[in-house]
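Data block below; observations after.
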Amino acid sequence: MRTLPPTGCPAHTGRAGRSRGRRGAAPTLHGVTSTGEEGAVPSAGALEEQRRIRQAKADALRAAGVDPYPSRFDRTATAGELHGRFGDLGPQTETDVSVRVAGRVLLARRMGKLIFLTVQDDSGTVQLFVSRADLGEGPFDAVADLDLGDWVGAEGTVMTTKTGELSVRAATVTLLAKAVRPLPDKWRGLSDTDTRFRQRYVDLIVNEEARQTFRVRHRTIAAFRRQLDDEGYVEVETPVLQTEVGGAAARPFVTHHNALDQQMYLRIALELHLKRLVVGGIERVYEIGRVFRNEGISTRHNPEFTMVEVYRALADFDDMIGVAERMICRAALEATGSYTVAHPERAGASIDLTPPWPRRSIVDLVAEYTGRTVSVHDDVADLRRTCDDLGVSYEAWWGPGRLVYAIFDKRVEEHLGHDRPLFATGYPAEVSPLAKPTPGEPENTDRFELFVGGRELANGYSELNDPVRQRAMFEAEVTAAEHGDDEAQRSVDEDYLRALEYGLPPTGGLGIGIDRVAMLLSGSASIREVILFPTLRPEVVD
RNA sequence: GCGCCUCUAGCUCAACGGCAGAGCAACGGACUCUUAAUCCGCAGGUUCUGGGUUCGAAUCCCAGGGGGCGCACCA
């Protein structure tokens with residue numbers, strides 16, 4: 001193992017340490033804190049006191065010629081690498097392997113002339129063994145002067161302590177960045193959810209579960225990309241800012257472009273642009289991107305969330321069921337290593353993701369869970385009575401398709417996918433304006449939704465590619481909007497129809513809510529746990 | 001939007017009509033193998049804000065604000 005030359009100056013952090021514990025030594029901390037004691041100014045409180053003290057340490061270092069925020073540090077090993085390479089070293093072993101590690105000081109155990117620092121980097125934690133005999137008095141005092149939260153770099157040799165703890169016996173310790181705010185309680189961590197989300201950086205420092213959740217999210221997205229790449233798809237990016245939104249039923253966010261003096265919207269779905277690309281000949285295409293829906297916030301809804309939408313020429317909804325299954329199964333294996341995941345809401349229960357997943361039509365499911373036989377061919381009056389019986393509310397202008405779907409949505413979905421994922425199929429055309437009708441049955445479409453743990457995770461269908469029928473469906477949406485459905489599309493997307501008129505091949509489409517998959521695979525009960533910075537009310541700063 | 005719950009030191013929490021407290025963090029000190037180190041000492045408060053009831057309010061009431069959960073919304 002190579003020993004690195006001592007590029008760091010051993011006295012680096014040592015200088016300022018002399019200001020502590022030595023009578024009459026130059027820049028004392030007290031000299032800096034002696035301001036702001038006026039009676040007119042109320043006590044700044046414990047936080048201000050701690051920040052003042054830490055800032056004074058940084059100022060004292062600077063005055064002594066040491067930069068408390070230096071530029072770089074040559075690290076040769078991470079904590080994880082050290083545990084991987086030296087994890088089986090017996091107790092009280094000294095090696096001559098020299099390494100340079102860096103990270104944030106999480107814990108400090110000061111034992112007089114010996115200090116143990118627990119330092120955390122991206123890969124884990126490792127202990128620094130700091131001896132006054134090794135460093136000399138000044139540098140040692142500087143280490144004693146470090147605060148929890150400071151970033152440090154250390155050069156030293158790999159060793160284990162009497163109790164077998166893998167450590168780096170420090171020859172030099174360098175302050176890399178001074179933290180002037182204190183960390184939360186070192187044992188209890190940070191639990192206030194509002195603070196955890198607003199100050200996610202602190203959450204990530206002190207809560208391993210938070211770090212793990214976002215590792216799962218990253219692996220999920222990476223697995224989706226790999227699977228689609230393996231199947232020959234092209235990843236693209238389409239506009240977020242649009243003058244006309246469509247592809248989903250949702251209220252959009254409205255914004256304004258100054259130079260064009262044009263009202264614009266943030267997209268609510270990826271669908272219509274991706275299908276334009278299939279028209280253009282990109283036969284297998286997908287996008288992973290943020291969509292925005294101006295709706296309520298809940299455990300399962302954030303106003304901006306991430307979807308992957310996938311379109312494949314010459315395929316139908318049945319093919320897309322396979323794509324969805326392969327993507328989510330791969331994500332489960334790569335993110336968690338298992339097809340068995342904890343049920344998000346039922347303590348102790350688990351869900352088995354082993355493919356293939358069962359399929360049922362929504363009318364079968366309605367019959368099973370409500371005991372009612374319904375059909376899009378039923379009279380509206382009969383369906384309304386069924387809704388009344390089941391306590392499902394509806395609007396006067398709804399046709400049979402909306403009524404059947406409402407029964408399924410309100411009384412059935414919550415029961416689905418608790419043991420295994422379930423594909424529900426056979427959705428009414430009235431609620432599926434972009435889906436291709438089932439052959440010989442124009443009131444229904446070749447569409448599916450995937451349910452896991454009572455939640456909708458994915459949605460897909462054989463894409464409607466007949467421009468005449470698509471125009472009729474759009475016009476029906478505009479009518480619905482005029483009836484007060486504020487989630488229906490308000491105008492006919494003429495450019496999209498023009499694209500269809502150039503010929504969209506038979507195409508299967510699929511959309512998966514990535515946040516919900518991340519929730520499932522990370523065992524998170526709230527969508528806010530899987531979004532780094534979820535939407536919150538603005539912080540009140542006083 | 002509606003209902004219920006919640007807000008106390010930097011963090012995690014007590015006190016629930018009668019002197020606002022503890023642990024950790026901080027600060028001063030002891031300590032050369034600790035593991036949330038330990039020990040001694042010392043400080044830190046607009047009890048979310050504003051009203052009200054009361055001899056007396058962190059505590060009870062009203063209004064407002066932040067947050068959580070549920071409902072509604074979310075093809």
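FYI, nothing fancy with the structure tokens labels: chains A, B, ... in order, residues from 1 per chain, ligands from 1 as they appear.
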*asked:* I need the chain B residues near chain A as a PyMOL selection string; criterion: at most 12 Å, counting only C-alpha atoms (C1' of nucleotides).
replied: chain B and resi 1+6-7+9-13+23-39+43-46+48-49+65-75
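For range 374-389 of chain A, the non-local neighbours within 8 Å, defined as residues at least 4 positions apart in the same chain or in other chains and counting only C-alpha atoms (C1' of nucleotides), are Val363, Val366, Ala367, Ser393, Tyr394, Gly399, Pro400, Gly401, Leu403, Val404, Ile407, Pro428, Glu443 and Asn444 of chain A.
Considering only range 65-120 of chain A, backbone DSSP assigns strand (DSSP E or B) to A:Glu94, A:Thr95, A:Asp96, A:Val97, A:Ser98, A:Val99, A:Arg100, A:Val101, A:Ala102, A:Gly103, A:Arg104, A:Val105, A:Leu106, A:Leu107, A:Ala108, A:Arg109, A:Arg110, A:Leu114, A:Ile115, A:Phe116, A:Leu117, A:Thr118, A:Val119, A:Gln120.
Take CA of Pro534 in chain A and CA of Val254 in chain A: the distance between them is 19.5 Å.
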*If you run DSSP on the backbone, which residues of range 342-461 of chain A are alpha helix (DSSP H), as a VMD selection string?*
chain A and resid 362 to 370 380 to 390 400 to 411
_Please report the interatomic distance between CA of Leu532 in chain A and CA of Phe214 in chain A in Å with one decimal._
7.8 Å
*asked:* Could you list, as JSON, numbers by chain, every residue within 9 Å of range 283-287 of chain A, counting only C-alpha atoms (C1' of nucleotides) and ignoring same-chain residues fewer than 6 positions away?
replied: {"A": [228, 231, 232, 233, 234, 235, 236, 237, 238, 270, 274, 275, 277, 307, 308, 309, 310, 311, 312, 313, 314, 505, 507]}
What's around Ser462 in chain A at 6 Å? Count only C-alpha atoms (C1' of nucleotides), leave out sequence neighbours fewer than 3 positions away in its own chain, and write the answer as an mmCIF file with C-alpha atoms, in the first residue's frame.
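Heads up, here's the output in around.cif:
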```cif
data_model
loop_
_atom_site.group_PDB
_atom_site.id
_atom_site.type_symbol
_atom_site.label_atom_id
_atom_site.label_comp_id
_atom_site.auth_asym_id
_atom_site.auth_seq_id
_atom_site.Cartn_x
_atom_site.Cartn_y
_atom_site.Cartn_z
ATOM 1 C CA ASP A 316 -50.694 -2.883 -27.471
ATOM 2 C CA PHE A 317 -51.757 -2.534 -23.821
ATOM 3 C CA ALA A 435 -57.129 5.121 -25.307
ATOM 4 C CA LYS A 436 -58.043 2.877 -28.207
ATOM 5 C CA ASP A 446 -57.895 -1.567 -24.023
ATOM 6 C CA THR A 507 -48.755 1.971 -30.133
ATOM 7 C CA GLY A 508 -48.796 0.826 -26.546
#
```
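Between C1' of G21 in chain B and C1' of A58 in chain B the separation is 12.1 Å.
Distance check against Leu333 in chain A using only C-alpha atoms: of A:Leu464, A:Leu497, A:Leu353, A:Ala154, the minimum falls on A:Leu353.
Here the question is which of A:Val517, A:Asp59, A:Glu244, A:Thr373 gets nearest to Val492 in chain A using only C-alpha atoms, and that residue is A:Glu244.
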*Quick one: everything within 12 Å of G51 in chain B, counting only C-alpha atoms (C1' of nucleotides), minus sequence neighbours fewer than 3 positions away in the same chain. Send it as a PyMOL selection string.*
chain B and resi 61-64
*Ala518 in chain A environment, 9 Å, only C-alpha atoms (C1' of nucleotides), sequence neighbours closer than 6 positions dropped, as JSON, numbers by chain*: {"A": [213, 214, 216, 217, 218, 220, 221, 524, 527, 530]}
